[in-house]
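Asker: Pasting work.pdb here (PDB, C-alpha atoms):
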```pdb
ATOM      1  CA  MET A   1      15.511   6.607   4.735
ATOM      2  CA  SER A   2      12.819   6.027   2.117
ATOM      3  CA  GLU A   3       9.326   7.168   3.124
ATOM      4  CA  ASN A   4       7.303   5.530   0.369
ATOM      5  CA  GLY A   5       9.555   2.505   0.225
ATOM      6  CA  SER A   6      11.875   0.699  -2.155
ATOM      7  CA  THR A   7       9.457  -2.109  -2.999
ATOM      8  CA  LEU A   8       8.009  -0.350  -6.044
ATOM      9  CA  PRO A   9      11.417   0.220  -7.735
ATOM     10  CA  ARG A  10      12.302  -3.437  -7.064
ATOM     11  CA  ARG A  11       9.005  -4.527  -8.582
ATOM     12  CA  GLN A  12       9.487  -2.286 -11.629
ATOM     13  CA  LEU A  13      13.011  -3.598 -12.139
ATOM     14  CA  GLY A  14      11.785  -7.165 -11.867
ATOM     15  CA  ARG A  15       9.071  -6.588 -14.443
ATOM     16  CA  TYR A  16      11.533  -5.093 -16.948
ATOM     17  CA  LEU A  17      13.981  -7.951 -16.421
ATOM     18  CA  ARG A  18      11.237 -10.552 -16.784
ATOM     19  CA  ASN A  19      10.113  -8.944 -20.053
ATOM     20  CA  GLY A  20      13.724  -8.959 -21.268
ATOM     21  CA  ARG A  21      14.161 -12.633 -20.427
ATOM     22  CA  GLU A  22      10.908 -13.625 -22.117
ATOM     23  CA  GLU A  23      11.768 -11.624 -25.248
ATOM     24  CA  CYS A  24      15.022 -13.602 -25.433
ATOM     25  CA  GLY A  25      13.118 -16.867 -25.087
ATOM     26  CA  LEU A  26      15.023 -17.871 -21.951
ATOM     27  CA  THR A  27      13.626 -19.869 -19.050
ATOM     28  CA  LEU A  28      14.305 -18.901 -15.451
ATOM     29  CA  HIS A  29      16.690 -21.844 -15.150
ATOM     30  CA  GLU A  30      18.634 -20.842 -18.275
ATOM     31  CA  ALA A  31      18.974 -17.206 -17.204
ATOM     32  CA  ALA A  32      20.042 -18.290 -13.725
ATOM     33  CA  GLN A  33      22.736 -20.592 -15.097
ATOM     34  CA  MET A  34      24.187 -17.741 -17.154
ATOM     35  CA  ILE A  35      24.759 -15.599 -14.045
ATOM     36  CA  GLN A  36      25.573 -18.570 -11.788
ATOM     37  CA  ARG A  37      22.587 -18.030  -9.536
ATOM     38  CA  SER A  38      19.642 -20.271  -8.670
ATOM     39  CA  ALA A  39      16.402 -20.133 -10.629
ATOM     40  CA  SER A  40      14.551 -19.234  -7.424
ATOM     41  CA  THR A  41      16.827 -16.209  -6.940
ATOM     42  CA  VAL A  42      16.152 -14.936 -10.462
ATOM     43  CA  GLN A  43      12.445 -15.521  -9.923
ATOM     44  CA  ARG A  44      12.497 -13.507  -6.697
ATOM     45  CA  ILE A  45      14.369 -10.703  -8.485
ATOM     46  CA  GLU A  46      11.630 -10.662 -11.124
ATOM     47  CA  GLN A  47       8.952 -10.612  -8.432
ATOM     48  CA  GLY A  48      10.628  -7.697  -6.654
ATOM     49  CA  MET A  49      11.048  -9.771  -3.509
ATOM     50  CA  VAL A  50      14.844  -9.660  -3.086
ATOM     51  CA  ALA A  51      15.686  -7.467  -0.106
ATOM     52  CA  HIS A  52      19.132  -6.514  -1.432
ATOM     53  CA  LEU A  53      19.832  -6.464  -5.162
ATOM     54  CA  ARG A  54      23.369  -7.292  -6.284
ATOM     55  CA  GLU A  55      24.519  -4.796  -8.907
ATOM     56  CA  VAL A  56      26.605  -7.494 -10.586
ATOM     57  CA  ASP A  57      23.459  -9.607 -11.117
ATOM     58  CA  VAL A  58      21.527  -6.707 -12.625
ATOM     59  CA  GLU A  59      24.430  -5.815 -14.932
ATOM     60  CA  ALA A  60      24.833  -9.419 -16.059
ATOM     61  CA  LEU A  61      21.126  -9.858 -16.808
ATOM     62  CA  CYS A  62      21.016  -6.578 -18.742
ATOM     63  CA  LYS A  63      23.941  -7.778 -20.867
ATOM     64  CA  ILE A  64      22.383 -11.187 -21.496
ATOM     65  CA  TYR A  65      19.074  -9.615 -22.530
ATOM     66  CA  GLY A  66      20.790  -7.187 -24.884
ATOM     67  CA  PHE A  67      19.712  -3.982 -23.138
ATOM     68  CA  ASP A  68      21.356  -0.884 -24.599
ATOM     69  CA  ASP A  69      23.402   1.459 -22.396
ATOM     70  CA  ASP A  70      20.486   3.769 -21.541
ATOM     71  CA  HIS A  71      18.199   0.852 -20.695
ATOM     72  CA  ALA A  72      20.879  -0.806 -18.557
ATOM     73  CA  ALA A  73      21.582   2.479 -16.743
ATOM     74  CA  ALA A  74      17.877   2.808 -15.936
ATOM     75  CA  MET A  75      17.873  -0.734 -14.534
ATOM     76  CA  LYS A  76      20.889   0.049 -12.334
ATOM     77  CA  ALA A  77      19.155   3.197 -11.068
ATOM     78  CA  LEU A  78      16.099   1.150 -10.098
ATOM     79  CA  ALA A  79      18.399  -1.310  -8.314
ATOM     80  CA  VAL A  80      19.946   1.542  -6.313
ATOM     81  CA  GLN A  81      16.487   2.798  -5.336
ATOM     82  CA  GLY A  82      15.456  -0.753  -4.527
ATOM     83  CA  ASN A  83      18.308  -1.074  -2.047
ATOM     84  CA  GLU A  84      17.357   2.045  -0.084
ATOM     85  CA  ARG A  85      16.554   1.466   3.554
ATOM     86  CA  ASN A  86      12.838   1.606   4.367
ATOM     87  CA  TRP A  87      11.300   3.010   7.538
ATOM     88  CA  TRP A  88       9.886  -0.412   8.420
ATOM     89  CA  CYS A  89      13.348  -1.998   8.487
ATOM     90  CA  GLU A  90      13.601  -0.961  12.137
ATOM     91  CA  TYR A  91      10.713  -3.354  12.831
ATOM     92  CA  GLY A  92      12.474  -6.296  11.208
ATOM     93  CA  ASP A  93      12.273  -8.360  14.385
ATOM     94  CA  VAL A  94       8.465  -8.302  14.442
ATOM     95  CA  ILE A  95       7.574  -8.290  10.747
ATOM     96  CA  PRO A  96       7.533 -11.562   8.773
ATOM     97  CA  GLU A  97       9.665 -11.557   5.618
ATOM     98  CA  ASN A  98       6.736 -12.130   3.271
ATOM     99  CA  PHE A  99       4.657  -9.412   4.924
ATOM    100  CA  GLU A 100       7.542  -6.958   4.514
ATOM    101  CA  PHE A 101       6.821  -7.102   0.792
ATOM    102  CA  TYR A 102       3.167  -6.232   1.427
ATOM    103  CA  VAL A 103       4.079  -3.287   3.661
ATOM    104  CA  GLY A 104       6.326  -2.014   0.879
ATOM    105  CA  LEU A 105       3.525  -2.188  -1.685
ATOM    106  CA  GLU A 106       1.122  -0.554   0.757
ATOM    107  CA  ALA A 107       3.565   2.293   1.376
ATOM    108  CA  SER A 108       3.812   2.939  -2.379
ATOM    109  CA  ALA A 109       0.133   2.602  -3.256
ATOM    110  CA  GLN A 110      -1.874   5.643  -4.305
ATOM    111  CA  ARG A 111      -5.190   3.841  -3.816
ATOM    112  CA  LEU A 112      -6.156   0.864  -1.684
ATOM    113  CA  VAL A 113      -9.461  -0.957  -2.032
ATOM    114  CA  THR A 114     -10.208  -3.372   0.804
ATOM    115  CA  TYR A 115     -12.882  -5.923   1.603
ATOM    116  CA  GLU A 116     -12.845  -7.349   5.129
ATOM    117  CA  PRO A 117     -15.758  -9.559   6.216
ATOM    118  CA  GLU A 118     -14.609 -10.344   9.775
ATOM    119  CA  LEU A 119     -11.925  -7.949  11.061
ATOM    120  CA  VAL A 120     -11.251  -4.217  10.985
ATOM    121  CA  PRO A 121      -8.438  -3.580   8.445
ATOM    122  CA  GLY A 122      -5.045  -2.785   9.944
ATOM    123  CA  LEU A 123      -5.003   0.717   8.436
ATOM    124  CA  LEU A 124      -8.095   1.610  10.474
ATOM    125  CA  GLN A 125      -7.412  -0.204  13.751
ATOM    126  CA  THR A 126      -7.084   1.578  17.092
ATOM    127  CA  PRO A 127      -4.116   0.698  19.327
ATOM    128  CA  GLY A 128      -6.435  -1.230  21.650
ATOM    129  CA  TYR A 129      -7.951  -3.308  18.864
ATOM    130  CA  ALA A 130      -4.568  -3.904  17.212
ATOM    131  CA  GLY A 131      -3.094  -4.909  20.561
ATOM    132  CA  ALA A 132      -5.829  -7.469  21.165
ATOM    133  CA  ILE A 133      -5.316  -8.981  17.695
ATOM    134  CA  CYS A 134      -1.539  -9.150  18.175
ATOM    135  CA  SER A 135      -1.943 -10.749  21.617
ATOM    136  CA  ALA A 136      -4.196 -13.447  20.177
ATOM    137  CA  ALA A 137      -1.777 -14.147  17.316
ATOM    138  CA  HIS A 138       1.353 -14.117  19.528
ATOM    139  CA  PRO A 139       0.225 -15.123  23.047
ATOM    140  CA  ASN A 140       3.727 -15.883  24.367
ATOM    141  CA  GLU A 141       5.402 -12.750  23.078
ATOM    142  CA  ARG A 142       7.320 -10.405  25.359
ATOM    143  CA  SER A 143       5.673  -7.065  26.120
ATOM    144  CA  GLU A 144       8.413  -5.167  24.238
ATOM    145  CA  GLU A 145       7.799  -7.162  21.049
ATOM    146  CA  HIS A 146       4.044  -6.780  21.456
ATOM    147  CA  GLU A 147       4.359  -3.008  21.718
ATOM    148  CA  ARG A 148       6.550  -2.895  18.616
ATOM    149  CA  ARG A 149       3.975  -4.843  16.607
ATOM    150  CA  VAL A 150       1.302  -2.346  17.580
ATOM    151  CA  ARG A 151       3.584   0.607  16.799
ATOM    152  CA  LEU A 152       4.324  -0.861  13.367
ATOM    153  CA  ARG A 153       0.615  -1.082  12.633
ATOM    154  CA  MET A 154       0.074   2.506  13.758
ATOM    155  CA  ARG A 155       3.029   3.671  11.664
ATOM    156  CA  ARG A 156       1.556   2.046   8.561
ATOM    157  CA  GLN A 157      -1.577   4.136   9.021
ATOM    158  CA  THR A 158       0.248   7.374   8.235
ATOM    159  CA  ARG A 159      -0.024   6.380   4.563
ATOM    160  CA  VAL A 160      -3.703   7.359   4.699
ATOM    161  CA  THR A 161      -3.705   9.892   7.557
ATOM    162  CA  ARG A 162      -0.838  12.212   6.620
ATOM    163  CA  LYS A 163      -1.718  15.721   5.420
ATOM    164  CA  TYR A 164       0.444  15.696   2.285
ATOM    165  CA  GLN A 165      -0.822  13.450  -0.520
ATOM    166  CA  PRO A 166      -2.374  10.667   1.561
ATOM    167  CA  ALA A 167      -3.368   7.501  -0.240
ATOM    168  CA  SER A 168      -7.024   6.910  -1.027
ATOM    169  CA  LEU A 169      -8.605   4.106   1.009
ATOM    170  CA  ASP A 170     -11.973   2.507   0.206
ATOM    171  CA  VAL A 171     -13.191  -0.141   2.635
ATOM    172  CA  ILE A 172     -16.147  -2.501   2.654
ATOM    173  CA  LEU A 173     -16.508  -3.998   6.116
ATOM    174  CA  GLY A 174     -18.831  -6.875   6.957
ATOM    175  CA  GLU A 175     -21.317  -6.190   9.758
ATOM    176  CA  SER A 176     -20.036  -9.280  11.563
ATOM    177  CA  ALA A 177     -16.750  -7.416  12.128
ATOM    178  CA  LEU A 178     -18.707  -4.869  14.176
ATOM    179  CA  ARG A 179     -20.355  -7.578  16.267
ATOM    180  CA  ARG A 180     -17.269  -9.732  16.802
ATOM    181  CA  VAL A 181     -15.847  -8.609  20.153
ATOM    182  CA  VAL A 182     -12.097  -8.011  20.043
ATOM    183  CA  GLY A 183     -10.439  -6.813  23.242
ATOM    184  CA  GLY A 184     -13.689  -6.269  25.152
ATOM    185  CA  PRO A 185     -16.643  -3.837  24.934
ATOM    186  CA  LYS A 186     -14.624  -0.687  25.687
ATOM    187  CA  VAL A 187     -12.096  -1.491  22.971
ATOM    188  CA  MET A 188     -14.905  -2.166  20.498
ATOM    189  CA  ALA A 189     -16.715   1.068  21.379
ATOM    190  CA  ALA A 190     -13.554   3.074  20.744
ATOM    191  CA  GLN A 191     -12.811   1.147  17.549
ATOM    192  CA  LEU A 192     -16.239   1.707  16.021
ATOM    193  CA  LYS A 193     -16.205   5.411  16.909
ATOM    194  CA  HIS A 194     -12.797   5.621  15.249
ATOM    195  CA  LEU A 195     -14.140   3.950  12.095
ATOM    196  CA  ALA A 196     -17.014   6.428  11.940
ATOM    197  CA  ASP A 197     -14.638   9.357  12.374
ATOM    198  CA  MET A 198     -12.173   8.068   9.773
ATOM    199  CA  GLY A 199     -15.018   7.695   7.298
ATOM    200  CA  THR A 200     -15.501  11.472   7.329
ATOM    201  CA  ARG A 201     -12.055  12.069   5.793
ATOM    202  CA  SER A 202     -12.075  13.067   2.142
ATOM    203  CA  ASN A 203      -9.642  10.291   1.156
ATOM    204  CA  ILE A 204     -11.267   7.473   3.144
ATOM    205  CA  GLY A 205     -14.520   5.674   2.459
ATOM    206  CA  VAL A 206     -16.002   3.191   4.940
ATOM    207  CA  HIS A 207     -19.096   1.230   3.933
ATOM    208  CA  ILE A 208     -20.774  -1.513   5.937
ATOM    209  CA  LEU A 209     -22.089  -4.647   4.261
ATOM    210  CA  PRO A 210     -25.112  -5.502   6.439
ATOM    211  CA  ALA A 211     -25.806  -9.071   7.493
ATOM    212  CA  SER A 212     -29.191  -8.745   5.794
ATOM    213  CA  ALA A 213     -27.368  -8.565   2.434
ATOM    214  CA  GLY A 214     -26.583 -12.272   2.646
ATOM    215  CA  PHE A 215     -24.031 -13.328   0.020
ATOM    216  CA  PRO A 216     -24.200 -10.739  -2.792
ATOM    217  CA  LEU A 217     -21.769 -12.723  -4.936
ATOM    218  CA  GLY A 218     -23.568 -16.019  -4.402
ATOM    219  CA  GLN A 219     -20.667 -17.373  -2.374
ATOM    220  CA  ALA A 220     -18.479 -16.485   0.589
ATOM    221  CA  VAL A 221     -15.560 -14.217  -0.302
ATOM    222  CA  GLY A 222     -12.462 -13.868   1.861
ATOM    223  CA  PRO A 223     -10.609 -10.622   2.570
ATOM    224  CA  PHE A 224      -8.616  -8.950  -0.181
ATOM    225  CA  VAL A 225      -6.810  -5.701  -0.946
ATOM    226  CA  ILE A 226      -6.452  -4.140  -4.400
ATOM    227  CA  MET A 227      -3.486  -1.760  -4.597
ATOM    228  CA  GLU A 228      -3.075   0.818  -7.360
ATOM    229  CA  PHE A 229       0.061   2.900  -7.854
ATOM    230  CA  GLY A 230      -1.118   5.876  -9.872
ATOM    231  CA  SER A 231      -0.985   6.809 -13.546
ATOM    232  CA  SER A 232       1.319   8.810 -15.775
ATOM    233  CA  ARG A 233       0.232  11.948 -17.630
ATOM    234  CA  GLN A 234      -0.507   9.723 -20.603
ATOM    235  CA  GLY A 235      -2.943   7.716 -18.483
ATOM    236  CA  ASP A 236      -0.777   4.602 -18.283
ATOM    237  CA  TYR A 237      -0.211   2.811 -14.985
ATOM    238  CA  VAL A 238       3.014   3.802 -13.229
ATOM    239  CA  GLU A 239       3.021   0.178 -12.132
ATOM    240  CA  PRO A 240       0.266  -2.406 -12.733
ATOM    241  CA  PRO A 241      -2.186  -2.926  -9.855
ATOM    242  CA  VAL A 242      -1.832  -5.944  -7.596
ATOM    243  CA  VAL A 243      -4.339  -7.890  -5.509
ATOM    244  CA  TYR A 244      -3.293  -9.196  -2.103
ATOM    245  CA  VAL A 245      -5.244 -12.181  -0.807
ATOM    246  CA  GLU A 246      -4.404 -13.423   2.675
ATOM    247  CA  GLY A 247      -5.310 -16.853   4.005
ATOM    248  CA  PHE A 248      -4.557 -18.972   7.048
ATOM    249  CA  MET A 249      -1.803 -20.876   5.222
ATOM    250  CA  GLY A 250      -0.228 -17.921   3.430
ATOM    251  CA  GLU A 251      -0.811 -15.124   0.981
ATOM    252  CA  LEU A 252      -1.176 -14.575  -2.754
ATOM    253  CA  TYR A 253      -0.157 -11.637  -4.932
ATOM    254  CA  LEU A 254      -2.222 -11.540  -8.117
ATOM    255  CA  GLU A 255      -1.003  -9.330 -10.956
ATOM    256  CA  LYS A 256      -2.483 -10.744 -14.158
ATOM    257  CA  PRO A 257      -5.019  -8.276 -15.615
ATOM    258  CA  ASP A 258      -7.859 -10.813 -15.718
ATOM    259  CA  ALA A 259      -7.381 -11.698 -12.029
ATOM    260  CA  VAL A 260      -7.233  -8.029 -11.004
ATOM    261  CA  GLN A 261     -10.355  -7.337 -13.070
ATOM    262  CA  ARG A 262     -12.239 -10.173 -11.357
ATOM    263  CA  TYR A 263     -11.498  -8.718  -7.938
ATOM    264  CA  ASN A 264     -12.399  -5.213  -9.084
ATOM    265  CA  GLN A 265     -15.694  -6.574 -10.371
ATOM    266  CA  ALA A 266     -16.278  -8.442  -7.101
ATOM    267  CA  TYR A 267     -15.725  -5.220  -5.172
ATOM    268  CA  GLU A 268     -18.163  -3.316  -7.392
ATOM    269  CA  ASP A 269     -20.737  -6.088  -6.978
ATOM    270  CA  LEU A 270     -20.339  -5.940  -3.189
ATOM    271  CA  ARG A 271     -20.718  -2.145  -3.235
ATOM    272  CA  ARG A 272     -24.229  -2.497  -4.625
ATOM    273  CA  SER A 273     -25.290  -4.127  -1.346
ATOM    274  CA  VAL A 274     -23.544  -1.870   1.190
ATOM    275  CA  LEU A 275     -25.034   0.924   3.282
ATOM    276  CA  ASP A 276     -24.210   4.396   2.047
ATOM    277  CA  ALA A 277     -21.587   6.454   3.885
ATOM    278  CA  VAL A 278     -24.082   8.254   6.145
ATOM    279  CA  ALA A 279     -25.970   5.084   7.083
ATOM    280  CA  SER A 280     -22.675   3.249   7.662
ATOM    281  CA  ARG A 281     -21.482   5.911  10.110
ATOM    282  CA  ALA A 282     -24.852   5.874  11.859
ATOM    283  CA  LEU A 283     -24.669   2.100  12.330
ATOM    284  CA  LEU A 284     -21.088   2.313  13.597
ATOM    285  CA  ARG A 285     -22.025   4.952  16.183
ATOM    286  CA  GLN A 286     -25.156   3.051  17.207
ATOM    287  CA  ILE A 287     -23.280  -0.195  17.883
ATOM    288  CA  ALA A 288     -20.495   1.764  19.616
ATOM    289  CA  LYS A 289     -23.112   3.141  22.042
ATOM    290  CA  GLU A 290     -24.363  -0.396  22.680
ATOM    291  CA  TYR A 291     -20.831  -1.475  23.625
ATOM    292  CA  ALA A 292     -20.455   1.550  25.912
ATOM    293  CA  LEU A 293     -23.539   0.680  28.005
TER     294      LEU A 293
END
```
Could you rewrite the structure in this file as structure tokens?
Answerer:
Amino acid sequence: MSENGSTLPRRQLGRYLRNGREECGLTLHEAAQMIQRSASTVQRIEQGMVAHLREVDVEALCKIYGFDDDHAAAMKALAVQGNERNWWCEYGDVIPENFEFYVGLEASAQRLVTYEPELVPGLLQTPGYAGAICSAAHPNERSEEHERRVRLRMRRQTRVTRKYQPASLDVILGESALRRVVGGPKVMAAQLKHLADMGTRSNIGVHILPASAGFPLGQAVGPFVIMEFGSSRQGDYVEPPVVYVEGFMGELYLEKPDAVQRYNQAYEDLRRSVLDAVASRALLRQIAKEYAL
């Protein structure tokens, strides 16, 4: 079972196939007709969002795009890796299809940069806090399903807590997230202590954006995650970064360099208004004590 996930190989394969199609001057519809598949299927292959890749489709597309034998063999190898079973497959009953793609990217990321104005990010939630969030989102769920949702969230956290090559996590958290009571005072006290403790890890940075900072960007900004996948020895990206933006009606995955740069710049602009690491931990522990009274 794949530990880091098969999403990255699927995404790499999709990018190579998309480049091949565009170099041939073919539209999605034209390429789809040639392999007797729908345009939406080819698009999902290019986006890395097909759960199971058909080898016959990959072979046919490689032939149409004129890939040589070595190039085609590399594409088939990526398809094999992309079809490996992931650890989160066992949670298929409690994980939405679209979010499965996010979990796969998260599991492959070497660095995650997160801004959360209202809620503690899932990678830093305690079981009590996560349980309260899941209960609010799924009030009629059976206890077994509820427990599995919480376990999934805790399992995702090993990406940043494991001893061997953990991912780097940088978080900016709005002060309102510390004041918004989730699960009751005891849950909040434990959650804020946990945040302070996690911020002492060498691979995790937690900075609080105080309410006194107002709107550093001149407008309200919703939560986002920037995921980076490491670089080669030559300094090139192993895979281009992606920005995940979640909203009430759905989510967006932004990959174009200018969009990624805008979010990176937004994060840097926000960082100029945050408390430093020591002051952030002090505030977290102070508010945790207030909840414990």
Asker: Out of A:Glu46, A:Glu175, A:Glu84, A:Glu118, which residue has the shortest atom-to-atom distance to A:Ser212 when counting all atoms listed in the file?
Answerer: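 Nearest to A:Ser212: A:Glu175.
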Asker: Could you write out as JSON, numbers by chain the residues that the PyMOL selection byres ((chain A and resi 9) around 12) matches in the shown file?
Answerer: {"A": [2, 4, 5, 6, 7, 8, 10, 11, 12, 13, 14, 15, 16, 45, 46, 47, 48, 49, 50, 51, 53, 74, 75, 76, 77, 78, 79, 80, 81, 82, 83, 84, 104, 105, 108, 229, 238, 239]}
Asker: Let me know the residues the PyMOL selection byres ((chain A and resi 266) around 12) catches in the file above, as a PyMOL selection string.
Answerer: chain A and resi 113-115+172+215-226+259-265+267-273
Asker: Would you kindly translate the PyMOL selection byres ((chain A and resi 242) around 8) into the concrete residues it picks from this file, as a ChimeraX atom specification?
Answerer: /A:226-228,240-241,243-244,253-255,260
Asker: Which residue is closest to A:Ala132? Choose from A:Leu152, A:Ala167, A:Ala107, A:Val187 and count all atoms listed in the file.
Answerer: A:Val187
Asker: In the coordinate frame of the file, compute which residues have an atom within 10 Å of (-19.5, -0.5, 20.6) when using all atoms listed in the file, and state them as a VMD selection string.
Answerer: chain A and resid 178 to 179 181 184 to 193 284 to 293
Asker: I'd like the neighbourhood of A:Arg156 as number ranges by chain, where a residue qualifies if any of its atoms comes within 10 Å (using all atoms listed in the file), though same-chain residues fewer than 2 positions away should be ignored.
Answerer: A: 87-88, 103-104, 106-107, 122-124, 151-154, 158-161
Asker: Enclose all atoms of stretch 7-16 of chain A listed in the file in an axis-aligned box, grow every side by 5 Å, and hand back centre and edge lengths in Å to one decimal, as lines of an AutoDock Vina configuration file.
Answerer:
```
center_x = 10.5
center_y = -3.5
center_z = -10.0
size_x = 15.0
size_y = 17.4
size_z = 23.9
```
Asker: Choose the residue, out of A:Glu90, A:Glu246, A:Glu116, A:Asp57, that has the smallest atom-to-atom separation from A:Gly174; count all atoms listed in the file.
Answerer: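 For A:Gly174, the nearest of the candidates is A:Glu116.
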Asker: As an exercise, work out the distance from atom CA of A:Asp170 to atom CA of A:Gly131 in Å and give it to one decimal place.
Answerer: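 These atoms are spaced 23.4 Å apart.
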Asker: Which of these residues is nearest to A:Ile64, using all atoms listed in the file: A:Met34, A:Met249, A:Val171, A:Leu119?
Answerer: A:Met34
Asker: Which residues, written as a ChimeraX atom specification, have at least one atom at most 9 Å from A:Ser40, with all atoms listed in the file counted and residues fewer than 4 positions away on the same chain left out?
Answerer: /A:28-29,32,44-45
Asker: Can you write just those residues out, C-alpha atoms, as a short mmCIF file (atom, residue, chain, number, x, y, z; two decimals), in the frame of the given file?
Answerer:
```cif
data_model
loop_
_atom_site.label_atom_id
_atom_site.label_comp_id
_atom_site.auth_asym_id
_atom_site.auth_seq_id
_atom_site.Cartn_x
_atom_site.Cartn_y
_atom_site.Cartn_z
CA LEU A 28 14.30 -18.90 -15.45
CA HIS A 29 16.69 -21.84 -15.15
CA ALA A 32 20.04 -18.29 -13.72
CA ARG A 44 12.50 -13.51 -6.70
CA ILE A 45 14.37 -10.70 -8.48
#
```
Asker: Set the distance at 10 Å and use only C-alpha atoms: which residues neighbour A:His146 once local chain neighbours fewer than 3 positions away are removed? I'd like the list as a PyMOL selection string.
Answerer: chain A and resi 94+131-132+134-135+138-143+149-151
Asker: Give me, as a PyMOL selection string, all polymer residues having an atom no more than 7 Å from A:Ser168, counting all atoms listed in the file and skipping those fewer than 3 positions away in the same chain.
Answerer: chain A and resi 110-112+160+203-204
